[in-house]
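Novice: Provided below: query-v5.cif, containing mmCIF, C-alpha atoms.
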data_work
loop_
_atom_site.label_atom_id
_atom_site.label_comp_id
_atom_site.auth_asym_id
_atom_site.auth_seq_id
_atom_site.Cartn_x
_atom_site.Cartn_y
_atom_site.Cartn_z
CA MET B 1 35.38 25.36 45.93
CA LEU B 2 35.48 27.55 49.03
CA SER B 3 33.56 30.75 48.42
CA ASP B 4 32.01 31.61 51.77
CA ALA B 5 31.95 35.09 53.23
CA ALA B 6 35.09 34.69 55.34
CA VAL B 7 37.15 33.53 52.35
CA LEU B 8 35.81 36.23 50.05
CA THR B 9 36.51 39.04 52.53
CA GLY B 10 39.88 37.88 53.83
CA ARG B 11 38.78 36.91 57.32
CA THR B 12 40.20 33.38 57.10
CA ASP B 13 43.24 31.75 55.56
CA GLN B 14 41.80 28.23 55.39
CA HIS B 15 42.01 28.31 51.59
CA ILE B 16 45.67 29.38 51.56
CA GLU B 17 48.75 27.20 51.11
CA SER B 18 51.88 28.73 52.60
CA ILE B 19 54.88 29.26 50.34
CA ASN B 20 57.19 30.78 52.94
CA GLU B 21 56.91 33.09 55.96
CA ARG B 22 55.85 35.99 53.74
CA HIS B 23 53.72 34.48 51.02
CA GLY B 24 50.80 32.14 50.48
CA MET B 25 48.35 31.44 47.66
CA HIS B 26 45.04 29.71 47.11
CA LYS B 27 45.62 25.97 47.02
CA ALA B 28 44.30 25.77 43.46
CA ALA B 29 46.33 28.74 42.22
CA LEU B 30 49.75 27.83 43.61
CA PRO B 31 50.52 24.97 41.18
CA ALA B 32 49.67 27.28 38.26
CA PHE B 33 52.00 29.97 39.60
CA LEU B 34 54.83 27.46 40.08
CA LYS B 35 54.33 26.35 36.48
CA LEU B 36 54.45 29.97 35.29
CA GLN B 37 57.53 30.57 37.42
CA GLN B 38 59.27 27.57 35.86
CA LYS B 39 58.40 28.75 32.34
CA ALA B 40 59.84 32.15 33.22
CA LYS B 41 63.03 30.58 34.54
CA LEU B 42 63.54 28.70 31.28
CA ASP B 43 63.28 32.03 29.47
CA GLY B 44 65.72 33.77 31.81
CA PHE B 45 63.34 35.55 34.22
CA ASP B 46 63.41 35.09 37.99
CA LEU B 47 59.65 35.59 38.45
CA SER B 48 59.09 36.48 42.10
CA LEU B 49 56.32 37.63 44.42
CA VAL B 50 55.93 41.10 45.85
CA SER B 51 52.48 40.39 47.33
CA SER B 52 50.24 37.34 47.46
CA PHE B 53 47.51 36.50 49.99
CA ARG B 54 46.64 39.48 52.16
CA SER B 55 44.24 39.17 55.09
CA PHE B 56 41.43 41.55 55.98
CA ASP B 57 43.42 42.83 58.96
CA ARG B 58 46.49 43.50 56.84
CA GLN B 59 44.41 45.39 54.25
CA LEU B 60 42.71 47.29 57.07
CA ALA B 61 46.08 48.44 58.42
CA ILE B 62 47.13 49.65 54.96
CA TRP B 63 43.82 51.48 54.52
CA ASN B 64 43.89 53.22 57.90
CA ARG B 65 47.50 54.36 57.46
CA LYS B 66 46.65 55.91 54.10
CA TYR B 67 43.41 57.50 55.29
CA THR B 68 45.15 59.18 58.24
CA GLY B 69 48.08 60.37 56.12
CA GLU B 70 50.65 58.06 57.73
CA ALA B 71 51.27 56.47 54.32
CA THR B 72 51.51 58.25 50.98
CA VAL B 73 48.57 58.16 48.57
CA LEU B 74 49.39 58.59 44.87
CA ASP B 75 47.29 60.05 42.07
CA ILE B 76 46.87 58.65 38.55
CA ASN B 77 50.23 60.20 37.60
CA GLU B 78 51.85 58.53 40.62
CA LYS B 79 52.33 61.86 42.41
CA PRO B 80 51.50 62.35 46.13
CA VAL B 81 47.96 63.49 46.94
CA ASN B 82 47.20 66.12 49.58
CA LEU B 83 44.38 64.32 51.39
CA LYS B 84 43.82 67.26 53.76
CA ILE B 85 42.06 69.27 51.06
CA LEU B 86 39.73 66.44 50.00
CA GLY B 87 36.25 65.61 51.20
CA GLU B 88 35.57 62.14 52.56
CA LEU B 89 34.36 60.56 49.31
CA ASP B 90 37.19 62.08 47.28
CA LYS B 91 39.68 60.83 49.87
CA ILE B 92 38.24 57.32 49.71
CA GLN B 93 38.36 57.32 45.92
CA ALA B 94 41.93 58.63 45.94
CA ILE B 95 43.00 55.71 48.13
CA MET B 96 41.08 53.14 46.09
CA LEU B 97 42.96 54.14 42.95
CA PHE B 98 45.77 51.86 44.20
CA SER B 99 44.53 50.26 47.45
CA ALA B 100 41.40 48.16 47.83
CA LEU B 101 38.84 48.47 50.57
CA PRO B 102 39.35 45.91 53.32
CA GLY B 103 36.98 43.07 52.50
CA ALA B 104 37.13 43.86 48.79
CA SER B 105 40.76 43.14 47.93
CA ARG B 106 41.38 40.41 45.36
CA HIS B 107 44.45 39.53 47.41
CA HIS B 108 42.07 38.15 50.08
CA TRP B 109 41.29 35.28 47.73
CA GLY B 110 44.86 34.05 47.34
CA THR B 111 44.31 34.05 43.59
CA ASP B 112 45.94 37.41 42.95
CA ILE B 113 49.61 38.25 43.13
CA ASP B 114 51.98 41.12 42.43
CA VAL B 115 55.11 40.00 40.59
CA TYR B 116 58.52 41.26 39.54
CA ALA B 117 61.95 39.99 38.52
CA PRO B 118 64.63 40.96 41.08
CA SER B 119 67.46 40.56 38.57
CA LEU B 120 65.99 43.32 36.39
CA ILE B 121 66.29 45.95 39.11
CA PRO B 122 69.34 48.17 38.47
CA GLN B 123 72.04 47.97 41.10
CA GLY B 124 71.51 50.47 43.89
CA GLN B 125 67.79 50.85 43.16
CA SER B 126 64.70 49.28 44.71
CA LEU B 127 61.31 48.36 43.30
CA GLN B 128 58.69 51.11 43.71
CA LEU B 129 55.83 49.08 42.21
CA GLU B 130 54.80 51.91 39.93
CA ALA B 131 53.50 51.55 36.38
CA TRP B 132 56.48 53.27 34.70
CA GLU B 133 58.76 50.46 35.91
CA TYR B 134 56.79 47.98 33.79
CA GLN B 135 56.32 50.22 30.77
CA GLU B 136 58.69 50.78 27.86
CA GLY B 137 62.00 52.07 29.18
CA GLY B 138 61.36 50.76 32.70
CA PRO B 139 63.41 47.96 34.25
CA MET B 140 60.48 45.51 34.39
CA HIS B 141 59.37 46.08 30.79
CA PRO B 142 60.98 42.85 29.47
CA LEU B 143 59.05 40.92 32.13
CA SER B 144 55.81 42.69 31.14
CA ILE B 145 56.27 41.62 27.53
CA TRP B 146 56.96 38.05 28.64
CA LEU B 147 53.88 37.98 30.88
CA ASP B 148 51.70 39.30 28.07
CA GLU B 149 52.84 36.36 25.96
CA ASN B 150 52.84 33.61 28.60
CA ALA B 151 50.58 34.31 31.61
CA LYS B 152 47.38 33.15 29.90
CA SER B 153 48.82 29.70 29.23
CA CYS B 154 48.85 29.12 32.99
CA GLY B 155 45.44 30.68 33.62
CA PHE B 156 46.56 34.16 34.70
CA PHE B 157 45.41 37.55 33.46
CA HIS B 158 45.76 41.24 34.33
CA PRO B 159 42.52 42.45 36.02
CA TYR B 160 43.92 45.99 36.02
CA ASP B 161 45.30 45.98 32.50
CA CYS B 162 44.24 49.60 31.97
CA TYR B 163 42.59 52.49 33.80
CA ARG B 164 38.80 52.26 33.52
CA GLY B 165 37.92 55.15 35.80
CA GLY B 166 38.39 53.07 38.95
CA VAL B 167 41.61 51.28 39.86
CA SER B 168 44.77 52.47 38.16
CA GLU B 169 46.66 50.30 35.70
CA GLU B 170 48.68 47.68 37.60
CA PRO B 171 50.92 45.76 35.19
CA TRP B 172 52.43 43.79 38.09
CA HIS B 173 49.08 42.35 39.23
CA LEU B 174 48.13 38.87 38.02
CA SER B 175 44.92 36.97 38.79
CA PHE B 176 44.30 33.22 38.49
CA ALA B 177 41.14 33.19 36.41
CA PRO B 178 39.66 29.73 37.16
CA VAL B 179 39.16 30.60 40.83
CA ALA B 180 39.12 34.41 40.80
CA SER B 181 36.24 34.55 38.33
CA GLU B 182 34.07 32.50 40.69
CA PHE B 183 35.06 34.60 43.69
CA GLN B 184 34.46 37.85 41.84
CA ALA B 185 30.93 36.72 40.98
CA ALA B 186 30.28 35.75 44.61
CA LEU B 187 31.64 38.91 46.25
CA SER B 188 28.54 41.04 46.75
CA LYS B 189 28.18 44.58 48.01
CA GLU B 190 26.33 43.17 51.03
CA LEU B 191 29.24 40.92 52.03
CA ILE B 192 31.67 43.85 51.84
CA GLU B 193 29.33 46.05 53.88
CA GLU B 194 29.03 43.36 56.55
CA ALA B 195 32.82 43.11 56.84
CA ILE B 196 33.25 46.90 57.04
CA GLU B 197 30.45 47.36 59.58
CA THR B 198 32.28 45.23 62.13
CA ALA B 199 35.72 46.78 61.54
CA THR B 200 37.50 49.78 63.02
CA ILE B 201 38.03 51.45 59.67
CA GLU B 202 38.67 55.09 58.89
CA GLY B 203 35.92 56.73 56.83
CA LYS B 204 33.40 54.00 57.67
CA ASP B 205 30.25 56.13 57.41
CA ALA B 206 31.23 57.61 54.05
CA ILE B 207 32.27 54.21 52.72
CA ILE B 208 28.94 52.63 53.59
CA ALA B 209 26.94 55.61 52.31
CA ASN B 210 28.71 55.41 48.93
CA LEU B 211 29.30 51.67 48.71
CA SER B 212 27.12 51.08 45.65
CA HIS B 213 29.18 53.62 43.70
CA LEU B 214 32.48 52.31 45.02
CA TYR B 215 31.46 48.72 44.25
CA SER B 216 30.65 49.40 40.61
CA THR B 217 33.54 51.80 40.01
CA PHE B 218 36.44 50.08 41.77
CA ILE B 219 35.51 46.49 42.66
CA THR B 220 33.67 44.98 39.68
CA ASN B 221 35.11 47.36 37.07
CA VAL B 222 38.00 45.10 36.00
CA GLY B 223 39.36 43.31 32.97
CA ALA B 224 38.44 39.72 32.13
CA PHE B 225 40.34 36.60 31.17
CA THR B 226 40.18 35.79 27.46
CA ASN B 227 41.76 33.08 25.35
CA GLU B 228 42.43 35.43 22.46
#
Could you write out this structure as structure tokens?

Specialist:
Amino acid sequence: MLSDAAVLTGRTDQHIESINERHGMHKAALPAFLKLQQKAKLDGFDLSLVSSFRSFDRQLAIWNRKYTGEATVLDINEKPVNLKILGELDKIQAIMLFSALPGASRHHWGTDIDVYAPSLIPQGQSLQLEAWEYQEGGPMHPLSIWLDENAKSCGFFHPYDCYRGGVSEEPWHLSFAPVASEFQAALSKELIEEAIETATIEGKDAIIANLSHLYSTFITNVGAFTNE
């Protein structure tokens, strides 16, 4: 199993099998996703990918755009945050509610995916990837119910099944437990710090100064796969 620093922090794609020009997954996770996708199809759901493997550089671009205000940052109620009134640590934590630090994203591993069903989107609307869409009354709620009943059979679970004081609830986010659990155990604070130190990242000094807190609050503070 590949679990070296470059794989863990998204600085290589050697562990990724391409699906198409937009998506790729860990070589061990892709067959499980295709199995889950086929099960969904039999039950009438067109299970599709919003996000899959994401490199360090791609996560870095997302981070820097949010930190500088070029991209919107949402609060726990999915309302825009005024970053200009926040101190550096508060700004970092506001971003990490929905966006991981470069080097610390589970999407780097190729084990984690964001999913939806295109056919459930009402005509004339587009997916916002917000929790209400997957909750009761939202267009993706039938898919959420199906995933709750079927994802585990293919080895997937929701690492962000609820808000624990770190990352917000993300009902669209699935993780392939057999590989992700090993990677999560191997991703240390030191490896993340090494990746950040060499990057041109906004808020670098504050990130490094508070990395122990950020690591325990946002990176390791996740749900776990169970067979129950």

Novice: Write out as a PDB file with C-alpha atoms, keeping the file's coordinate frame which residues come within 7 Å of Gly166 (chain B) when counting only C-alpha atoms, dropping same-chain ones fewer than 3 positions away.

Specialist:
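The resulting file, around_10.pdb, is shown below:
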ATOM      1  CA  LEU B  97      42.960  54.140  42.950  1.00  0.00           C
ATOM      2  CA  TYR B 163      42.590  52.490  33.800  1.00  0.00           C
ATOM      3  CA  THR B 217      33.540  51.800  40.010  1.00  0.00           C
ATOM      4  CA  PHE B 218      36.440  50.080  41.770  1.00  0.00           C
ATOM      5  CA  ASN B 221      35.110  47.360  37.070  1.00  0.00           C
TER       6      ASN B 221
END

Novice: I'd like the contact shell of Arg11 (chain B) - 7 Å cut-off, all atoms listed in the file, skipping same-chain residues fewer than 5 positions apart - returned as a PyMOL selection string.

Specialist: chain B and resi 6+55-56

Novice: Of the candidates B:Leu34, B:Ala206, B:Val222, B:Ile196, which shows the shortest atom-to-atom distance to Gly87 (chain B), using all atoms listed in the file?

Specialist: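 Among the listed residues, B:Ala206 lies closest to Gly87 (chain B).
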
Novice: What lies within 10 Å of His108 (chain B) using all atoms listed in the file, ignoring chain neighbours under 2 positions off, as a ChimeraX atom specification?

Specialist: /B:6-13,15-16,25-26,52-56,58-59,102-106,110-112

Novice: Report as a PyMOL selection string the residues that result from applying the PyMOL selection byres ((chain B and resi 214) around 12) to the structure here.

Specialist: chain B and resi 89-90+92-97+100-101+104+165-167+189+192-193+206-213+215-221

Novice: Could you check the closest approach to Gln184 (chain B) for each of B:Lys152, B:Lys35, B:His107, B:Lys204 and tell me which residue wins, using all atoms listed in the file?

Specialist: B:His107

Novice: Which residues come within 9 Å of region 71-85 of chain B, counting all atoms listed in the file, excluding same-chain residues fewer than 5 positions away, as a PyMOL selection string?

Specialist: chain B and resi 62-66+90-91+94-95+97-99+130-131+163+168-169

Novice: Name every residue that the PyMOL selection byres ((chain B and resi 132-135) around 12) selects in this structure, writing the answer as number ranges by chain with chains first and numbers rising.

Specialist: B: 76-78, 115-117, 120-122, 125-131, 136-148, 161, 169-173

Novice: On this file, the PyMOL selection byres ((chain B and resi 49) around 6) gives some set of residues; write that set as number ranges by chain.

Specialist: B: 48, 50-51, 114-115

Novice: Residues as selected, C-alpha atoms, written as a PDB file, in the coordinates of the input, can you do that?

Specialist:
ATOM      1  CA  SER B  48      59.090  36.480  42.100  1.00  0.00           C
ATOM      2  CA  VAL B  50      55.930  41.100  45.850  1.00  0.00           C
ATOM      3  CA  SER B  51      52.480  40.390  47.330  1.00  0.00           C
ATOM      4  CA  ASP B 114      51.980  41.120  42.430  1.00  0.00           C
ATOM      5  CA  VAL B 115      55.110  40.000  40.590  1.00  0.00           C
TER       6      VAL B 115
END

Novice: From the set B:Gly155, B:Tyr160, B:Leu42, B:Glu197, which residue has the shortest atom-to-atom contact distance to Gly223 (chain B), counting all atoms listed in the file?

Specialist: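 So, comparing all the options, the nearest one is B:Tyr160.
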
Novice: Using all atoms listed in the file, can you tell me which of B:Ala199, B:His158, B:Leu187, B:Arg164 comes closest to Ala224 (chain B)?

Specialist: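 Nearest candidate to Ala224 (chain B) out of B:Ala199, B:His158, B:Leu187, B:Arg164: B:His158.
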
Novice: Just the number, please: distance in Å from CA of Trp109 (chain B) to CA of Phe156 (chain B), one decimal.

Specialist: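 About the pair CA of Trp109 (chain B) and CA of Phe156 (chain B): they are 14.1 Å apart.
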
Novice: Using only C-alpha atoms, which of B:Ser153, B:Ala61, B:Gly24, B:Ala5 sits nearest Thr200 (chain B)?

Specialist: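 Checking each candidate against Thr200 (chain B), we get B:Ala61 as the closest.
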
Novice: Any idea what the distance is between CA of Ile19 (chain B) and CA of Ala151 (chain B)?

Specialist: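 Here the two named atoms are 19.9 Å from each other.
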
Novice: Can you measure CA of Glu21 (chain B) to CA of Ser181 (chain B) for me? One decimal in Å is fine.

Specialist: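 Going from CA of Glu21 (chain B) over to CA of Ser181 (chain B), I get 27.2 Å.
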
Novice: Of the candidates B:Asp43, B:Pro178, B:Gly69, B:Glu190, which shows the shortest atom-to-atom distance to Glu149 (chain B), using only C-alpha atoms?

Specialist: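 Ranking B:Asp43, B:Pro178, B:Gly69, B:Glu190 by distance to Glu149 (chain B), first place goes to B:Asp43.
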
Novice: Would you mind writing region 184-206 of chain B with N, CA, C and O atoms, as a CSV table (one decimal), in the coordinates of the input?

Specialist:
chain,number,residue,atom,x,y,z
B,184,GLN,N,34.9,36.5,42.2
B,184,GLN,CA,34.5,37.8,41.8
B,184,GLN,C,32.9,37.9,41.7
B,184,GLN,O,32.3,38.8,42.2
B,185,ALA,N,32.4,36.8,41.1
B,185,ALA,CA,30.9,36.7,41.0
B,185,ALA,C,30.2,36.6,42.3
B,185,ALA,O,29.1,37.0,42.5
B,186,ALA,N,30.9,36.0,43.3
B,186,ALA,CA,30.3,35.8,44.6
B,186,ALA,C,30.4,36.9,45.6
B,186,ALA,O,29.7,37.0,46.6
B,187,LEU,N,31.4,37.8,45.3
B,187,LEU,CA,31.6,38.9,46.2
B,187,LEU,C,30.6,40.0,46.0
B,187,LEU,O,30.7,40.8,45.1
B,188,SER,N,29.6,40.1,46.9
B,188,SER,CA,28.5,41.0,46.8
B,188,SER,C,28.8,42.3,47.6
B,188,SER,O,29.6,42.3,48.5
B,189,LYS,N,28.1,43.3,47.2
B,189,LYS,CA,28.2,44.6,48.0
B,189,LYS,C,27.8,44.3,49.5
B,189,LYS,O,28.4,44.9,50.4
B,190,GLU,N,26.8,43.5,49.7
B,190,GLU,CA,26.3,43.2,51.0
B,190,GLU,C,27.4,42.5,51.9
B,190,GLU,O,27.5,42.8,53.1
B,191,LEU,N,28.2,41.6,51.3
B,191,LEU,CA,29.2,40.9,52.0
B,191,LEU,C,30.3,41.9,52.4
B,191,LEU,O,30.9,41.8,53.5
B,192,ILE,N,30.7,42.8,51.5
B,192,ILE,CA,31.7,43.8,51.8
B,192,ILE,C,31.2,44.8,53.0
B,192,ILE,O,31.9,45.1,53.9
B,193,GLU,N,29.9,45.2,52.9
B,193,GLU,CA,29.3,46.0,53.9
B,193,GLU,C,29.3,45.4,55.2
B,193,GLU,O,29.7,46.0,56.3
B,194,GLU,N,29.0,44.1,55.3
B,194,GLU,CA,29.0,43.4,56.6
B,194,GLU,C,30.4,43.4,57.2
B,194,GLU,O,30.6,43.6,58.4
B,195,ALA,N,31.4,43.1,56.3
B,195,ALA,CA,32.8,43.1,56.8
B,195,ALA,C,33.2,44.5,57.4
B,195,ALA,O,33.9,44.6,58.4
B,196,ILE,N,32.9,45.5,56.7
B,196,ILE,CA,33.2,46.9,57.0
B,196,ILE,C,32.5,47.3,58.3
B,196,ILE,O,33.1,48.0,59.2
B,197,GLU,N,31.3,47.0,58.4
B,197,GLU,CA,30.4,47.4,59.6
B,197,GLU,C,31.1,46.9,60.9
B,197,GLU,O,31.0,47.6,61.9
B,198,THR,N,31.7,45.8,60.9
B,198,THR,CA,32.3,45.2,62.1
B,198,THR,C,33.7,45.6,62.4
B,198,THR,O,34.3,45.2,63.3
B,199,ALA,N,34.3,46.4,61.5
B,199,ALA,CA,35.7,46.8,61.5
B,199,ALA,C,35.9,48.2,62.1
B,199,ALA,O,35.1,49.1,61.9
B,200,THR,N,37.1,48.4,62.6
B,200,THR,CA,37.5,49.8,63.0
B,200,THR,C,38.2,50.4,61.8
B,200,THR,O,39.5,50.4,61.7
B,201,ILE,N,37.5,50.9,60.9
B,201,ILE,CA,38.0,51.4,59.7
B,201,ILE,C,37.8,52.9,59.5
B,201,ILE,O,36.7,53.4,59.8
B,202,GLU,N,38.8,53.7,59.1
B,202,GLU,CA,38.7,55.1,58.9
B,202,GLU,C,37.7,55.4,57.7
B,202,GLU,O,37.8,54.7,56.7
B,203,GLY,N,36.9,56.4,57.9
B,203,GLY,CA,35.9,56.7,56.8
B,203,GLY,C,34.7,55.8,56.7
B,203,GLY,O,34.0,55.8,55.7
B,204,LYS,N,34.4,55.0,57.7
B,204,LYS,CA,33.4,54.0,57.7
B,204,LYS,C,32.0,54.5,57.2
B,204,LYS,O,31.4,54.0,56.3
B,205,ASP,N,31.6,55.6,57.8
B,205,ASP,CA,30.2,56.1,57.4
B,205,ASP,C,30.2,56.5,55.9
B,205,ASP,O,29.2,56.2,55.3
B,206,ALA,N,31.2,57.2,55.4
B,206,ALA,CA,31.2,57.6,54.0
B,206,ALA,C,31.4,56.4,53.1
B,206,ALA,O,30.8,56.4,52.0
